[in-house]
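Asker: My structure is stored as data21.cif, with mmCIF, C-alpha atoms and all ligand atoms.
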```cif
data_run
loop_
_atom_site.label_atom_id
_atom_site.label_comp_id
_atom_site.auth_asym_id
_atom_site.auth_seq_id
_atom_site.Cartn_x
_atom_site.Cartn_y
_atom_site.Cartn_z
CA MET A 157 78.32 89.78 47.51
CA LEU A 158 78.32 89.51 51.31
CA ASP A 159 78.01 92.63 53.42
CA ALA A 160 80.80 91.44 55.73
CA LEU A 161 83.30 88.64 55.94
CA VAL A 162 84.86 88.29 59.39
CA VAL A 163 88.12 86.34 59.53
CA GLY A 164 88.75 84.77 62.93
CA ALA A 165 86.18 83.46 65.41
CA GLY A 166 88.03 84.53 68.56
CA PRO A 167 86.18 86.85 70.95
CA SER A 168 86.67 90.00 68.87
CA GLY A 169 85.72 88.46 65.51
CA SER A 170 82.67 86.64 66.82
CA ARG A 171 81.51 89.75 68.66
CA THR A 172 81.86 91.80 65.47
CA ALA A 173 79.97 89.19 63.44
CA TRP A 174 77.29 88.99 66.13
CA ASN A 175 76.85 92.78 66.01
CA LEU A 176 76.72 92.85 62.23
CA SER A 177 74.21 90.04 61.78
CA LYS A 178 72.00 91.37 64.60
CA ALA A 179 71.85 94.63 62.67
CA GLY A 180 70.73 92.76 59.56
CA TYR A 181 73.97 92.63 57.56
CA GLU A 182 74.66 89.48 55.60
CA THR A 183 77.73 88.20 57.40
CA ALA A 184 80.02 85.17 57.26
CA LEU A 185 82.38 84.33 60.14
CA ILE A 186 85.23 82.01 59.22
CA ASP A 187 88.00 80.36 61.21
CA ARG A 188 90.75 78.06 60.10
CA VAL A 189 90.27 75.74 63.07
CA GLU A 190 87.74 72.92 62.92
CA VAL A 191 86.57 73.39 66.51
CA ILE A 192 86.10 77.01 67.54
CA GLY A 193 88.18 77.93 70.60
CA GLU A 194 90.66 75.06 70.14
CA PRO A 195 93.51 74.84 70.72
CA CYS A 196 93.25 77.08 73.76
CA GLN A 197 95.96 79.77 73.81
CA CYS A 198 94.95 81.59 76.96
CA ALA A 199 95.20 81.53 80.74
CA GLY A 200 91.48 82.26 80.95
CA LEU A 201 91.60 85.11 83.43
CA ILE A 202 89.14 87.95 82.93
CA THR A 203 87.63 90.68 85.05
CA PRO A 204 83.98 90.53 86.16
CA ARG A 205 83.65 93.66 84.01
CA THR A 206 84.26 91.56 80.91
CA PHE A 207 81.09 89.54 81.47
CA ASP A 208 79.18 92.76 82.16
CA TYR A 209 80.47 94.13 78.89
CA LEU A 210 79.73 90.93 77.01
CA GLY A 211 76.17 91.01 78.28
CA TYR A 212 76.00 87.45 79.58
CA GLU A 213 77.94 85.10 81.85
CA ARG A 214 79.54 81.72 81.33
CA PRO A 215 80.61 79.17 83.94
CA ILE A 216 83.18 80.50 86.38
CA LEU A 217 85.81 78.02 87.59
CA GLN A 218 87.24 80.20 90.37
CA GLU A 219 86.92 83.75 91.67
CA MET A 220 90.17 85.56 92.47
CA ASP A 221 90.44 88.21 95.18
CA GLY A 222 94.16 88.11 95.83
CA ALA A 223 97.59 87.70 94.33
CA ARG A 224 100.99 86.51 95.45
CA LEU A 225 103.95 88.22 93.85
CA TRP A 226 107.22 86.27 93.75
CA GLY A 227 110.25 88.35 92.75
CA PRO A 228 114.03 88.27 92.60
CA LYS A 229 116.12 87.74 95.75
CA ASP A 230 113.24 86.02 97.53
CA SER A 231 111.14 89.18 97.46
CA TYR A 232 107.52 88.27 98.05
CA LEU A 233 104.14 89.88 98.63
CA ASP A 234 100.66 88.57 99.32
CA PHE A 235 97.81 90.88 98.33
CA GLN A 236 94.28 90.37 99.60
CA ALA A 237 91.48 92.49 98.15
CA SER A 238 88.04 92.79 99.68
CA GLU A 239 86.25 91.94 96.43
CA THR A 240 86.57 89.63 93.44
CA LYS A 241 89.13 91.06 91.05
CA ALA A 242 89.24 88.33 88.42
CA LEU A 243 87.42 85.25 87.22
CA VAL A 244 88.94 82.03 85.96
CA ILE A 245 86.96 80.81 83.00
CA ASP A 246 86.89 78.08 80.39
CA ARG A 247 88.24 80.08 77.47
CA PRO A 248 87.26 77.69 74.63
CA ASP A 249 83.72 77.71 76.03
CA LEU A 250 83.71 81.52 75.99
CA ASP A 251 84.86 81.62 72.35
CA ARG A 252 82.25 79.09 71.28
CA SER A 253 79.49 80.90 73.14
CA ILE A 254 80.16 84.17 71.28
CA ALA A 255 80.52 82.42 67.91
CA ASN A 256 77.24 80.59 68.54
CA ARG A 257 75.51 83.86 69.31
CA ALA A 258 76.80 85.24 66.02
CA ALA A 259 75.44 82.15 64.25
CA ASP A 260 72.11 82.36 66.09
CA SER A 261 71.69 85.95 64.98
CA GLY A 262 72.25 85.01 61.34
CA SER A 263 76.01 84.89 60.68
CA GLN A 264 77.13 82.00 58.54
CA LEU A 265 79.71 80.28 60.78
CA LEU A 266 82.32 78.42 58.74
CA SER A 267 84.98 76.54 60.71
CA GLY A 268 87.83 74.82 58.88
CA HIS A 269 88.03 77.79 56.49
CA THR A 270 91.36 79.55 56.09
CA TYR A 271 91.69 83.04 54.65
CA LEU A 272 94.63 83.11 52.23
CA GLY A 273 94.59 86.68 50.92
CA HIS A 274 92.43 89.21 49.15
CA GLU A 275 92.31 91.77 46.41
CA LYS A 276 90.33 94.93 46.07
CA ILE A 277 87.49 94.83 43.55
CA ASP A 278 84.87 97.31 42.51
CA GLY A 279 82.59 97.86 45.53
CA GLY A 280 84.49 95.61 47.89
CA ILE A 281 86.95 92.79 48.38
CA LYS A 282 87.51 89.38 46.82
CA ALA A 283 88.96 87.03 49.46
CA LYS A 284 90.68 83.75 48.72
CA ILE A 285 89.58 80.99 51.08
CA LYS A 286 90.67 77.39 51.52
CA ASN A 287 88.80 74.54 53.16
CA ASN A 288 89.26 70.77 52.98
CA GLU A 289 87.49 70.68 49.61
CA GLY A 290 89.80 73.19 47.96
CA LYS A 291 90.18 76.89 47.27
CA PHE A 292 87.43 79.34 46.39
CA GLU A 293 86.59 83.05 46.58
CA ILE A 294 84.18 85.07 48.65
CA LYS A 295 83.17 88.58 47.64
CA THR A 296 82.34 91.01 50.40
CA LYS A 297 81.77 94.71 50.88
CA LEU A 298 83.67 94.72 54.18
CA LEU A 299 86.49 92.45 55.32
CA VAL A 300 87.02 92.31 59.09
CA GLY A 301 90.47 91.12 60.17
CA SER A 302 90.03 89.49 63.58
CA ASP A 303 92.66 86.90 62.87
CA GLY A 304 94.88 87.39 65.89
CA PRO A 305 98.49 88.38 66.53
CA LEU A 306 99.91 87.42 63.12
CA SER A 307 96.97 88.84 61.18
CA ARG A 308 97.23 87.87 57.53
CA VAL A 309 94.38 90.24 56.73
CA ALA A 310 96.40 93.17 58.11
CA LYS A 311 99.44 92.09 56.12
CA ASN A 312 97.51 91.68 52.88
CA ALA A 313 95.79 95.01 53.40
CA GLY A 314 99.19 96.65 53.79
CA ILE A 315 98.52 97.63 57.38
CA ARG A 316 101.77 97.56 59.27
CA SER A 317 102.50 98.53 62.83
CA SER A 318 105.61 98.51 64.93
CA ARG A 319 105.01 95.82 67.47
CA GLU A 320 106.61 94.03 70.31
CA VAL A 321 105.54 90.39 70.20
CA LEU A 322 105.79 88.20 73.27
CA THR A 323 105.89 84.43 73.07
CA ALA A 324 104.10 82.48 75.75
CA PHE A 325 104.22 78.92 76.96
CA GLY A 326 102.22 77.23 79.68
CA ALA A 327 100.22 74.25 80.82
CA ASP A 328 97.30 72.95 82.80
CA VAL A 329 98.81 71.02 85.68
CA GLU A 330 97.68 68.61 88.37
CA GLY A 331 99.41 69.01 91.71
CA TYR A 332 99.65 72.81 91.70
CA GLN A 333 99.94 74.08 95.28
CA GLY A 334 98.24 77.41 94.71
CA LYS A 335 96.55 79.50 97.35
CA GLU A 336 92.80 79.49 97.02
CA SER A 337 91.42 82.53 95.18
CA HIS A 338 94.96 83.88 94.64
CA VAL A 339 96.85 84.30 91.39
CA ASP A 340 100.62 83.68 91.59
CA LEU A 341 102.81 86.08 89.63
CA PHE A 342 106.51 85.48 88.99
CA VAL A 343 108.83 88.32 87.96
CA GLY A 344 112.56 88.69 87.44
CA SER A 345 115.18 87.73 84.89
CA ASN A 346 115.38 84.11 86.09
CA LEU A 347 111.65 83.54 86.01
CA ALA A 348 110.25 85.54 83.09
CA PRO A 349 112.56 88.16 81.60
CA ARG A 350 110.75 91.20 80.17
CA PHE A 351 107.32 90.06 81.35
CA PHE A 352 105.96 87.71 84.01
CA GLY A 353 104.92 84.17 84.76
CA TRP A 354 101.61 83.12 86.25
CA GLY A 355 99.99 80.39 88.27
CA ILE A 356 96.21 80.29 88.43
CA PRO A 357 94.33 77.77 90.55
CA THR A 358 91.47 76.18 88.59
CA GLY A 359 90.33 73.85 91.36
CA PRO A 360 91.70 71.94 94.34
CA ASN A 361 95.25 70.86 93.57
CA GLU A 362 95.16 71.97 89.93
CA GLY A 363 95.99 75.08 87.99
CA ARG A 364 97.25 76.83 84.91
CA ILE A 365 100.84 77.95 84.87
CA GLY A 366 102.88 79.70 82.25
CA LEU A 367 104.95 82.68 81.29
CA ALA A 368 105.53 85.08 78.46
CA THR A 369 108.77 86.68 77.36
CA THR A 370 110.43 88.10 74.27
CA LEU A 371 112.99 86.52 71.96
CA PRO A 372 115.81 85.54 72.24
CA HIS A 373 114.50 84.25 75.58
CA ARG A 374 112.58 81.02 75.06
CA PRO A 375 109.53 80.65 77.29
CA MET A 376 109.67 76.85 77.11
CA SER A 377 113.07 76.62 78.78
CA PHE A 378 111.99 78.92 81.62
CA PHE A 379 108.81 76.88 81.91
CA ARG A 380 110.82 73.66 82.35
CA ASN A 381 112.81 75.33 85.11
CA TYR A 382 109.60 76.21 86.93
CA PHE A 383 109.46 72.56 88.01
CA LYS A 384 113.06 72.48 89.19
CA LYS A 385 114.07 75.70 90.91
CA GLY A 386 113.04 79.07 92.26
CA ALA A 387 109.68 80.20 93.60
CA PRO A 388 107.49 78.30 91.08
CA SER A 389 109.07 74.98 92.05
CA LYS A 390 107.78 75.51 95.61
CA LEU A 391 104.27 75.34 94.18
CA LEU A 392 104.88 72.77 91.51
CA GLY A 393 106.89 70.09 93.33
CA GLY A 394 105.59 66.87 91.79
CA ALA A 395 102.99 68.52 89.56
CA LYS A 396 101.98 66.73 86.37
CA VAL A 397 101.43 68.52 83.07
CA VAL A 398 97.99 67.73 81.65
CA ASN A 399 97.84 69.97 78.61
CA LEU A 400 100.34 72.38 77.04
CA ILE A 401 99.48 75.81 75.65
CA SER A 402 101.50 78.32 73.68
CA GLY A 403 100.82 81.51 71.81
CA MET A 404 101.81 85.04 71.02
CA ILE A 405 100.89 88.33 72.60
CA PRO A 406 101.35 91.43 70.43
CA PHE A 407 101.74 94.91 71.93
CA GLY A 408 101.29 98.01 69.81
CA THR A 409 98.05 99.35 68.37
CA ALA A 410 97.86 99.22 64.58
CA ASN A 411 97.55 102.79 63.40
CA PRO A 412 95.59 102.97 61.22
CA SER A 413 93.56 99.87 62.02
CA TYR A 414 91.56 100.17 58.80
CA THR A 415 91.93 100.75 55.12
CA ASP A 416 89.55 100.71 52.14
CA ASN A 417 86.87 98.06 52.89
CA VAL A 418 88.99 96.52 55.68
CA ILE A 419 88.85 96.95 59.43
CA LEU A 420 90.86 95.16 62.15
CA THR A 421 89.79 94.14 65.64
CA GLY A 422 91.34 92.52 68.71
CA ASP A 423 94.92 91.27 68.61
CA ALA A 424 95.04 91.93 64.86
CA ALA A 425 94.63 95.61 65.77
CA GLY A 426 97.07 95.35 68.71
CA MET A 427 94.52 95.51 71.52
CA ALA A 428 96.34 93.37 74.11
CA LYS A 429 97.16 95.25 77.29
CA PRO A 430 100.91 95.83 77.71
CA THR A 431 100.63 95.41 81.46
CA SER A 432 98.90 92.03 81.71
CA GLY A 433 98.90 90.69 78.14
CA GLY A 434 95.12 90.28 78.45
CA GLY A 435 93.22 91.04 75.28
CA ILE A 436 89.71 89.66 75.67
CA TYR A 437 88.12 92.74 77.21
CA SER A 438 89.87 95.25 74.97
CA GLY A 439 89.21 93.02 71.95
CA LEU A 440 85.48 93.15 72.67
CA ILE A 441 85.65 96.93 72.97
CA SER A 442 87.38 97.13 69.59
CA ALA A 443 84.74 94.82 68.08
CA ASP A 444 81.93 97.12 69.16
CA ALA A 445 83.78 100.20 67.94
CA ALA A 446 84.44 98.52 64.58
CA PHE A 447 80.78 97.64 64.26
CA GLU A 448 79.60 101.16 65.08
CA ILE A 449 81.87 102.67 62.44
CA ALA A 450 81.04 100.01 59.85
CA ASN A 451 77.32 100.45 60.48
CA LYS A 452 77.58 104.19 59.78
CA ALA A 453 79.70 103.49 56.70
CA PHE A 454 77.12 101.02 55.35
CA GLN A 455 74.44 103.65 55.84
CA LYS A 456 76.53 106.14 53.85
CA GLU A 457 77.07 103.41 51.23
CA SER A 458 80.81 104.02 51.39
CA LEU A 459 83.34 101.74 53.04
CA ASP A 460 86.44 103.58 51.89
CA SER A 461 89.21 104.40 54.32
CA GLN A 462 88.00 107.97 54.69
CA THR A 463 84.60 106.78 55.92
CA LEU A 464 86.14 104.16 58.20
CA SER A 465 88.73 106.58 59.60
CA PRO A 466 86.72 107.60 62.72
CA TYR A 467 87.47 104.06 63.95
CA GLN A 468 90.93 105.11 65.14
CA GLY A 469 89.54 107.97 67.20
CA LEU A 470 86.86 105.76 68.71
CA LEU A 471 89.46 103.13 69.68
CA LYS A 472 91.58 105.82 71.25
CA GLN A 473 88.63 107.21 73.17
CA ARG A 474 87.36 103.85 74.45
CA ILE A 475 90.58 101.97 75.24
CA GLY A 476 93.57 103.75 73.69
CA GLY A 477 94.22 105.95 76.73
CA GLU A 478 94.64 102.92 78.98
CA LEU A 479 96.74 101.11 76.37
CA SER A 480 99.12 104.01 76.05
CA LYS A 481 99.44 104.34 79.83
CA GLY A 482 100.12 100.61 79.77
CA TYR A 483 102.97 101.10 77.28
CA SER A 484 104.52 103.68 79.56
CA LEU A 485 104.23 101.34 82.52
CA ARG A 486 105.79 98.60 80.44
CA LYS A 487 108.70 100.85 79.46
CA ALA A 488 109.24 101.68 83.11
CA PHE A 489 109.10 97.98 84.03
CA LEU A 490 111.64 97.11 81.31
CA SER A 491 114.04 99.70 82.64
CA LEU A 492 114.31 97.89 86.00
CA ASN A 493 117.00 95.37 86.90
CA ASP A 494 116.47 92.54 89.39
CA ASP A 495 117.84 94.55 92.33
CA GLN A 496 115.41 97.37 91.63
CA LEU A 497 112.53 94.96 91.13
CA SER A 498 113.22 93.34 94.46
CA GLU A 499 113.45 96.77 96.14
CA ILE A 500 110.17 97.81 94.55
CA ILE A 501 108.42 94.66 95.72
CA THR A 502 109.62 95.39 99.25
CA MET A 503 108.34 98.96 98.98
CA LEU A 504 104.99 97.75 97.62
CA GLY A 505 104.64 95.86 100.89
CA GLU A 506 104.48 99.09 102.92
CA PRO A 507 101.00 98.99 104.48
CA LYS A 508 99.58 102.12 102.83
CA VAL A 509 100.97 101.16 99.43
CA LYS A 510 99.75 97.59 99.69
CA LYS A 511 96.32 98.82 100.74
CA ALA A 512 96.19 101.18 97.77
CA ILE A 513 96.94 98.31 95.38
CA GLU A 514 94.41 96.02 97.03
CA LYS A 515 91.80 98.72 96.59
CA THR A 516 92.56 99.95 93.07
CA GLY A 517 94.19 96.89 91.45
CA ASP A 518 92.37 96.22 88.19
CA LEU A 519 93.48 93.88 85.41
CA ASP A 520 91.81 96.02 82.75
CA TYR A 521 92.97 99.38 84.06
CA ALA A 522 96.39 98.77 85.62
CA SER A 523 97.19 102.48 85.44
CA LEU A 524 94.74 103.11 88.29
CA ALA A 525 96.85 101.05 90.70
CA ALA A 526 100.07 102.63 89.39
CA PHE A 527 98.65 106.07 90.03
CA SER A 528 97.46 105.14 93.52
CA VAL A 529 100.90 103.68 94.34
CA LEU A 530 102.59 106.93 93.32
CA LYS A 531 100.14 108.85 95.49
CA ALA A 532 100.67 106.57 98.46
CA GLN A 533 104.45 106.50 98.16
CA PRO A 534 105.97 109.30 96.04
CA LYS A 535 109.42 107.71 96.50
CA PHE A 536 108.51 105.38 93.61
CA ILE A 537 109.15 108.20 91.18
CA LYS A 538 112.88 107.68 91.53
CA PHE A 539 112.55 104.30 89.83
CA ALA A 540 110.58 105.32 86.84
CA PRO A 541 110.35 108.85 85.53
CA LEU A 542 108.46 107.34 82.60
CA LEU A 543 105.64 106.40 84.92
CA LEU A 544 104.66 109.99 85.33
CA LYS A 545 104.52 110.81 81.66
CA PRO A 546 101.01 109.55 80.92
CA PHE A 547 99.55 111.26 83.96
CA ILE A 548 100.84 114.75 83.29
C1 LIG B 601 99.36 82.10 76.64
C2 LIG B 601 98.37 83.22 76.57
C3 LIG B 601 97.60 83.50 77.69
C4 LIG B 601 96.66 84.54 77.63
N1 LIG B 601 95.88 84.75 78.73
C5 LIG B 601 94.93 85.71 78.68
C6 LIG B 601 94.05 85.90 79.78
O1 LIG B 601 94.14 85.20 80.80
N2 LIG B 601 93.11 86.87 79.68
C7 LIG B 601 92.98 87.65 78.55
O2 LIG B 601 92.10 88.55 78.52
N3 LIG B 601 93.78 87.49 77.50
C8 LIG B 601 94.74 86.53 77.52
N4 LIG B 601 95.55 86.33 76.45
C9 LIG B 601 95.36 87.18 75.25
C10 LIG B 601 94.10 86.77 74.52
O3 LIG B 601 94.11 85.37 74.32
C11 LIG B 601 94.00 87.51 73.18
O4 LIG B 601 94.19 88.88 73.39
C12 LIG B 601 92.63 87.27 72.56
O5 LIG B 601 92.46 85.92 72.22
C13 LIG B 601 92.47 88.11 71.30
O6 LIG B 601 91.22 87.81 70.74
P1 LIG B 601 91.01 87.99 69.18
O7 LIG B 601 89.58 87.68 68.93
O8 LIG B 601 91.54 89.28 68.72
O9 LIG B 601 91.96 86.89 68.49
P2 LIG B 601 92.15 85.37 68.74
O10 LIG B 601 91.45 84.92 69.97
O11 LIG B 601 93.60 85.11 68.60
O12 LIG B 601 91.38 84.70 67.52
C14 LIG B 601 91.90 84.76 66.22
C15 LIG B 601 91.25 83.66 65.44
O13 LIG B 601 91.63 83.82 64.07
C16 LIG B 601 91.83 82.55 63.52
N5 LIG B 601 92.69 82.72 62.34
C17 LIG B 601 93.96 83.17 62.31
N6 LIG B 601 94.41 83.23 61.05
C18 LIG B 601 93.38 82.83 60.26
C19 LIG B 601 93.23 82.69 58.86
N7 LIG B 601 94.23 82.97 58.00
N8 LIG B 601 92.05 82.22 58.38
C20 LIG B 601 91.02 81.92 59.24
N9 LIG B 601 91.12 82.04 60.56
C21 LIG B 601 92.28 82.50 61.07
C22 LIG B 601 92.48 81.75 64.64
O14 LIG B 601 92.29 80.36 64.44
C23 LIG B 601 91.72 82.27 65.86
O15 LIG B 601 90.62 81.48 66.20
C24 LIG B 601 96.51 85.31 76.45
C25 LIG B 601 97.30 85.05 75.34
C26 LIG B 601 98.22 84.01 75.39
C27 LIG B 601 99.06 83.72 74.18
#
```
Turn the structure described in the file into structure tokens.
Answerer:
Amino acid sequence: MLDALVVGAGPSGSRTAWNLSKAGYETALIDRVEVIGEPCQCAGLITPRTFDYLGYERPILQEMDGARLWGPKDSYLDFQASETKALVIDRPDLDRSIANRAADSGSQLLSGHTYLGHEKIDGGIKAKIKNNEGKFEIKTKLLVGSDGPLSRVAKNAGIRSSREVLTAFGADVEGYQGKESHVDLFVGSNLAPRFFGWGIPTGPNEGRIGLATTLPHRPMSFFRNYFKKGAPSKLLGGAKVVNLISGMIPFGTANPSYTDNVILTGDAAGMAKPTSGGGIYSGLISADAAFEIANKAFQKESLDSQTLSPYQGLLKQRIGGELSKGYSLRKAFLSLNDDQLSEIITMLGEPKVKKAIEKTGDLDYASLAAFSVLKAQPKFIKFAPLLLKPFI
């Protein structure tokens, strides 16, 4: 019997497997895809903090120190920070680098292996796995569900959470007229209802563009319009699509994120940030928390839900506060119509407010900027009483 079977070699699963095998646990890391990291379902934007947290760096395509915000009724803002706020990376490379570290530290890395389900057995879990040679079983003391937004592990373990799931669609394009070191953000009901669209320069005359929204809105139809009308079309004139991406972004932390002999990490546990949709940094945090709790449970020779239960508290302590502030910010954002959005964008342009955002803007901790905006311009309270809730 294995000590741990980790399902999903995205950042959170590979980090968990890496932790476990470094600590001497017999670990297998499986993923249904043949090539880890492919197909890419990510815009590849992370904070410098994420590399610090990861403990090593990978190639950086671009450094971002500014953002342009395009809103309804031609509202527009150009932010310029004095430091690098985000890095554009090669996401498949990042995924492979973490999975390789897990393998180098002793995890058995099995690509092309799909988890189908599991049942509880004495002392652990029996998981059903399929690869191109057929179906077989793996017995493990601990099953780690790092299998992304539609986690089958969570479902089979009976872990349910109320979630909002965004669908995203985007592309790598040639001919993107971005502004160097600036991310473009598109908001409003015509551009990306209930969330936002993005444009990220990856090099001269090229970039990643996309948007996320919720059903019944279809991201693909908004995406097509990006080339024809509105603010995005100003940047995309004759741009050519090189590679399409799509995916899902789940909001809502699974609570609990564990059960007997099972623990969830990353998107499977609902770690994506409700403000930006980013989930790499928070997924890594959840991976480390899961490992710490599992390590203690192994030492106690008990992996039942009672022993794993401190995981929820640790998640809350390390990232939950920011996630719940993020939900409140999201609720406030959803309560705004296009007129209000446009008015807010104009107000954000007031010099002291803009300066506050440029100073405190942080992809991982968006609540910091929200708080500084409220401090700089208390008039914002009229738009969103919900904004205050998490800070009181
Ligand atoms: C369009 C888009 C853009 C995004 N942009 C950003 C961004 O710029 N920055 C950022 O931080 N976040 C971004 N995100 C979110 C980010 O991609 C996720 O939060 C992150 O990938 C979560 O990592 P994870 O390890 O939990 O899961 P994932 O990276 O989703 O990995 C899950 C893995 O599980 C595997 N798997 C699933 N089911 C099974 C199964 N049954 N058997 C075996 N393997 C299975 C999958 O193949 C996959 O490799 C974006 C998301 C989308 C959709």
Asker: Quote the spacing between CA of Lys481 in chain A and CA of Arg319 in chain A in Å to one decimal place.
Answerer: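 For CA of Lys481 in chain A relative to CA of Arg319 in chain A, the distance reads 16.0 Å.
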Asker: Go through chain A residue by residue and, counting only C-alpha atoms and all ligand atoms, keep those with an atom at most 7 Å from ligand LIG 601 (chain B); for each kept residue give the shortest atom pair and its distance in Å to one decimal, ordered by chain and increasing number, as a Markdown table.
Answerer:
```
| residue | atom | partner | partner_atom | distance |
| --- | --- | --- | --- | --- |
| A:Val163 | CA | B:LIG601 | C20 | 5.3 |
| A:Gly164 | CA | B:LIG601 | O13 | 3.2 |
| A:Ala165 | CA | B:LIG601 | O15 | 4.9 |
| A:Gly166 | CA | B:LIG601 | O12 | 3.5 |
| A:Pro167 | CA | B:LIG601 | O7 | 4.0 |
| A:Ser168 | CA | B:LIG601 | O7 | 3.7 |
| A:Gly169 | CA | B:LIG601 | O7 | 5.2 |
| A:Ile186 | CA | B:LIG601 | C20 | 5.8 |
| A:Asp187 | CA | B:LIG601 | N9 | 3.6 |
| A:Arg188 | CA | B:LIG601 | C20 | 4.0 |
| A:Val189 | CA | B:LIG601 | O14 | 5.2 |
| A:Ile192 | CA | B:LIG601 | O15 | 6.5 |
| A:Gly193 | CA | B:LIG601 | O15 | 6.2 |
| A:Gln197 | CA | B:LIG601 | C1 | 5.0 |
| A:Cys198 | CA | B:LIG601 | C3 | 3.3 |
| A:Ala199 | CA | B:LIG601 | O1 | 3.8 |
| A:Gly200 | CA | B:LIG601 | O1 | 4.0 |
| A:Leu201 | CA | B:LIG601 | O1 | 3.7 |
| A:Ile202 | CA | B:LIG601 | N2 | 5.2 |
| A:His269 | CA | B:LIG601 | C20 | 5.8 |
| A:Thr270 | CA | B:LIG601 | N8 | 3.6 |
| A:Tyr271 | CA | B:LIG601 | N8 | 3.8 |
| A:Leu272 | CA | B:LIG601 | N7 | 5.8 |
| A:Ser302 | CA | B:LIG601 | O8 | 5.4 |
| A:Asp303 | CA | B:LIG601 | O13 | 3.5 |
| A:Gly304 | CA | B:LIG601 | O11 | 3.8 |
| A:Pro305 | CA | B:LIG601 | O11 | 6.2 |
| A:Ser307 | CA | B:LIG601 | N6 | 6.2 |
| A:Arg308 | CA | B:LIG601 | N7 | 5.8 |
| A:Thr323 | CA | B:LIG601 | C27 | 7.0 |
| A:Ala324 | CA | B:LIG601 | C1 | 4.8 |
| A:Phe325 | CA | B:LIG601 | C1 | 5.8 |
| A:Gly326 | CA | B:LIG601 | C1 | 6.4 |
| A:Ile401 | CA | B:LIG601 | C1 | 6.4 |
| A:Ser402 | CA | B:LIG601 | C1 | 5.3 |
| A:Gly403 | CA | B:LIG601 | C27 | 3.7 |
| A:Met404 | CA | B:LIG601 | C27 | 4.4 |
| A:Ile405 | CA | B:LIG601 | C27 | 5.2 |
| A:Thr421 | CA | B:LIG601 | O8 | 6.0 |
| A:Gly422 | CA | B:LIG601 | O8 | 3.2 |
| A:Asp423 | CA | B:LIG601 | O8 | 3.9 |
| A:Ala424 | CA | B:LIG601 | O8 | 5.8 |
| A:Met427 | CA | B:LIG601 | O4 | 6.9 |
| A:Ala428 | CA | B:LIG601 | O4 | 5.0 |
| A:Gly433 | CA | B:LIG601 | N4 | 5.8 |
| A:Gly434 | CA | B:LIG601 | N3 | 3.2 |
| A:Gly435 | CA | B:LIG601 | O4 | 3.0 |
| A:Ile436 | CA | B:LIG601 | O2 | 3.9 |
| A:Tyr437 | CA | B:LIG601 | O2 | 5.9 |
| A:Gly439 | CA | B:LIG601 | O8 | 5.5 |
```
Asker: Report, in Å with one decimal, the straight-line distance from CA of Leu524 in chain A to CA of Gln236 in chain A.
Answerer: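 Between CA of Leu524 in chain A and CA of Gln236 in chain A the gap is 17.0 Å.
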Asker: Place a sphere of radius 10 Å on (110.2, 93.4, 100.0) in the file coordinates and name every protein, DNA or RNA residue with an atom inside or on its surface, counting all atoms listed in the file; give the answer as a list of chain:residue names.
Answerer: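 With a cut-off of 10 Å, the residues come to A:Trp226, A:Gly227, A:Pro228, A:Lys229, A:Asp230, A:Ser231, A:Tyr232, A:Leu233, A:Leu497, A:Ser498, A:Glu499, A:Ile500, A:Ile501, A:Thr502, A:Met503, A:Leu504, A:Gly505, A:Glu506.
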Asker: Report as a count of residues only all protein, DNA and RNA residues lying within 9 Å of Leu367 in chain A, evaluated on only C-alpha atoms, omitting residues in the same chain fewer than 4 positions from it.
Answerer: 16
Asker: Find the spatial neighbours of Thr409 in chain A, counting all atoms listed in the file, within a cut-off of 12 Å - ignore same-chain residues fewer than 5 positions away - and output them as an NGL selection string.
Answerer: :A and (305 or 315-321 or 414 or 420-430 or 435 or 438-439 or 442 or 468 or 471-472 or 475-480 or 482-483)
Asker: Which value, in Å to one decimal, gives the distance between CA of Val339 in chain A and CA of Ile356 in chain A?
Answerer: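 Separation between CA of Val339 in chain A and CA of Ile356 in chain A: 5.0 Å.
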Asker: Under the rule that all atoms listed in the file are counted, which of A:Leu243, A:Leu391, A:Tyr181, A:Phe407 is the nearest residue to Leu306 in chain A?
Answerer: A:Phe407
Asker: Applying 9 Å and all atoms listed in the file, which residues near Gln333 in chain A remain after dropping the ones on its own chain fewer than 2 positions away? List them as a PyMOL selection string.
Answerer: chain A and resi 331+335+357+360-363+390-393+395
Asker: Excluding Gln218 in chain A and its own-chain neighbours fewer than 4 positions away, which residues fall within 9 Å of it when counting all atoms listed in the file? Please give them as a count of residues only.
Answerer: 9
Asker: Pick the closest to Arg257 in chain A from A:Gln533, A:Ser170, A:Ser458, A:Thr431: which is it, counting all atoms listed in the file?
Answerer: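 Under the stated criterion, the closest residue is A:Ser170.
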